[in-house]
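> Before we start, here is the structure in question, set down as structure tokens.
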Amino acid sequence: MLTASISLRDVGRRFGATRALADVDLDLKPGVIGLLGPNGAGKTTLLRLLATALPPTQGQVSVLGLDPEVPAERTGIRRQLGYLPQEVGFPRGFTAFAFVDYIALLKEWTEPAARHAEVRRVLDLVGLSDLGPKRIRAMSGGQRRRVALAQALLGSPLVLILDEPTTGVDPEQRVTLRTVLAEIARTSIVVLSTHQTEDVAALCERVIVLDRGRVRYDGPVTDLVGQAAGRVWLADEPDPAASVSWRTGTGRYRNVGVHARDGVEHVEPSLEDAYLLLRGGSPESKPAEEVAS
Amino acid sequence: MSATLAAARPEAAAGRTTFVALAAREMRRFVVNPVFLFVVGMTAWTTWAGRSPSVTEIDTVNPYPAIFLGGFGMMATFWLTRSMRASEPVVGVTPTALSARTAALCTVAVVPFLCGCLTLFAFLHFHPVGDSVYGAFSPPAQVAVLVGQIVVPSLGGPLLGVALGCWVRFPGAGFVLFLILYGWVSLVTILSMSHPDSTPVAVLRLFAPFAFFTLHGNAADVTAWRGSPWFFTGWQLALCAIAVLVALLRGAEGRARFRIIGTLSVVPVAAVIMLVLAGTGGFTHAVTA
């Protein structure tokens with residue numbers, strides 16, 4: 001009996017001289033875990049490690065109590081895995097149904113009636129039940145993304161790894177997707193990498209912030225947001241004391257910084273505020289760390 | 001949103017069951033491929049057109065099944081193998097290993113192979129064994145020539161396409177290899193015309209997945225060239241085995257990889273032995289009958 005758990009001990013990954021991940025220690029249990037970080041922080045590398053698509057160059061990864069380095073155990077993990085990569089290409093001429101059906105076959109759904117029922121179920125989950133016979137090449141970007149997501153949901157996997165699942169998906173579908181993921185997370189580990197902090201705020205109990213390959217924060221979303229309490233304020237001008245400021249739709253400036261001046265108008269912080277504060281207010285991406293090989 | 005979230009995970013099916021289902025799926029994809037449909041149509045048409053009593057030697061007809069079922073079949077399986085490359089981030093983390101997916105693709109070659117067998121029977125119907133179009137070869141050798149010219153290329157070409165698709169990224173690689181093979185066969189055939197009794201030229205002519213064995217010299221005579229069609233078929237089958245092993249090597253790991261590499265160190269030796277025997281066997285000089 002497999003239990004839904006993932007552990008990483010001192011895990012690192014290098015690509016030549018570039019260190020994409022370093023000293024990552026994590027224990028993941030069922031629930032939705034948000035993964036935040038700037039571009040190049042190592043999010044995709046971490047997800048590929050969890051999805052058995054990439055081996056670590058340092059440390060130990062255990063998924064469902066199995067070792068992905070051992071071929072037989074890796075197959076065991078893959079039987080319980082759903083993975084949505086950041087970018088998915090589709091073969092020419094495939095319809096949505098045919099593509100998901102093909103992946104279902106590779107996921108060992110060999111009995112046609114059960115497989116077809118499962119394909120219809122996941123297409124329905126992502127709101128594509130009417131578009132099954134449509135060629136993927138003729139679909140919009142958001143619809144293609146949902147086809148890719150549908151294949152990850154096949155078989156209600158114990159481990160669901162999603163790399164930016166809501167990219168190009170309309171707000172209505174995003175809300176639907178949140179419902180689906182929340183339901184799956186009752187028994188499964190759902191790791192969700194995204195730049196959409198509102199998705200993390202709405203879905204996740206726990207958030208991991210990566211920066212330059214290292215875990216910068218790992219804990220409850222509420223705690224991270226709480227760290228920003230009293231550090232977000234509105235003003236008529238950008239405040240020099242703030243780490244980051246931007247003009248809101250009301251014409252006033254939202255300021256985020258460690259040291260707010262006295263007498264300013266404090267507002268309730270959002271996860272985005274907390275994230276920016278954690279990162280030192282820099283919305284700029286930083287490259288992965290270079291190390292001597 | 002009426003879908004349910006009930007888990008409906010399958011039992012971990014035996015690898016063999018998945019393989020059979022996947023092989024059937026790949027065959028279906030291959031059979032509906034427009035290139036394959038074109039191949040079948042052209043092979044049937046050229047075989048039918050070749051039944052004419054005016055045909056005086058087999059080599060005016062036999063290259064067509066090899067070109068279409070073998071050459072174009074190679075391009076079709078190359079495309080089939082490459083078609084999932086864009087989806088590799090998804091496909092690559094399924095429980096079905098790359099080697100199993102490649103093996104399923106290799107089984108697709110059964111389809112053109114069976115087409116080649118049918119073509120052979122049609123050819124034998126139109127030109128029965130013993131017909132003067134076969135030249136001086138004995139009746140069993142005549143069948144061996146036909147098997148080597150029609151049936152085995154129909155199997156080997158598609159297998160080569162799978163191997164190429166596994167290892168080469170260039171999208172036009174299938175077509176380029178087809179041109180190279182076509183050019184090589186043409187070149188060594190021309191050489192054989194000018195040096196029909198030369199052993200090295202015979203070996204060069206047979207150093208290809210397809211080779212001519214006869215030449216229609218004038219209105220009445222057919223010249224049978226040097227070389228053993230039996231050993232040539234052995235050489236071709238060894239090439240087929242190499243293509244399968246090279247394809248399976250991609251993504252193989254652990255003990256399976258060790259076994260493939262071990263086998264790959266033996267089969268080429270067998271292939272070379274077959275080639276030498278093919279070049280030195282058969283007639284000791286060109287025979288005109």
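Every chain in the structure tokens takes a letter, A first, then B, and so on in the order presented; its residues are numbered from 1, and the ligands are numbered from 1 following the presented order.
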Running DSSP on the backbone, which parts of stretch 124-274 of chain A land in alpha helix (DSSP H), as a PyMOL selection string?
chain A and resi 124-125+141-153+171-184+197-203+221-227+271-274
> Identify, on the basis of only C-alpha atoms, every residue whose closest approach to stretch 270-282 of chain A does not exceed 10 Å; exclude the query and any residue fewer than 4 positions from it along the same chain; express the result as a VMD selection string.
chain A and resid 36 to 38 195 to 202 209 to 211 216 to 217 221 to 229 231 to 232 242 to 245 254 to 258 286
> Pick the closest to B:Val168 from B:Thr284, B:Thr81, B:Thr199, B:Thr102: which is it, counting only C-alpha atoms?
B:Thr81
> Near B:Ile190, within 12 Å and counting only C-alpha atoms, which residues show up once chain neighbours fewer than 4 positions away are dropped, as a ChimeraX atom specification?
/B:183-186,194-196,201-202,204-205,211-212,215
> Pick out the residues sitting within 6 Å of stretch 106-122 of chain B, and hand them over as an NGL selection string; count only C-alpha atoms, and ignore anything fewer than 3 positions along from it in its own chain.
:B and (27 or 69 or 103 or 125 or 150-151 or 154-155 or 158-159)
> Would you give me, as a list in words, the residues in stretch 157-220 of chain A that DSSP reads as strand (DSSP E)?
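Listing strand (DSSP E) positions across stretch 157-220 of chain A yields Val159, Leu160, Ile161, Leu162, Asp163, Ile189, Val190, Val191, Leu192, Ser193, Arg206, Val207, Ile208, Val209, Leu210, Asp211, Arg214, Val215, Arg216, Tyr217, Asp218, Gly219 and Pro220 of chain A.
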> Name all residues at most 8 Å from A:Ala4 (count only C-alpha atoms; drop same-chain ones fewer than 3 positions away) and give them as number ranges by chain.
A: 29-30, 63-64, 158-159, 187-189
> Excluding same-chain residues fewer than 3 positions from A:Ala148, what lies within 8 Å of it counting only C-alpha atoms, as number ranges by chain?
A: 84, 88, 144-145, 151-152
> Pick the closest to chain A from B:Cys166, B:Met193, B:Ala252, B:Val145: which is it, counting only C-alpha atoms?
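Counting only C-alpha atoms, the residue closest to chain A is B:Ala252.
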> So how far away is atom CA of B:Gly227 from atom CA of B:Gly282, in Å?
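Pair atom CA of B:Gly282 / atom CA of B:Gly227 returns 4.7 Å.
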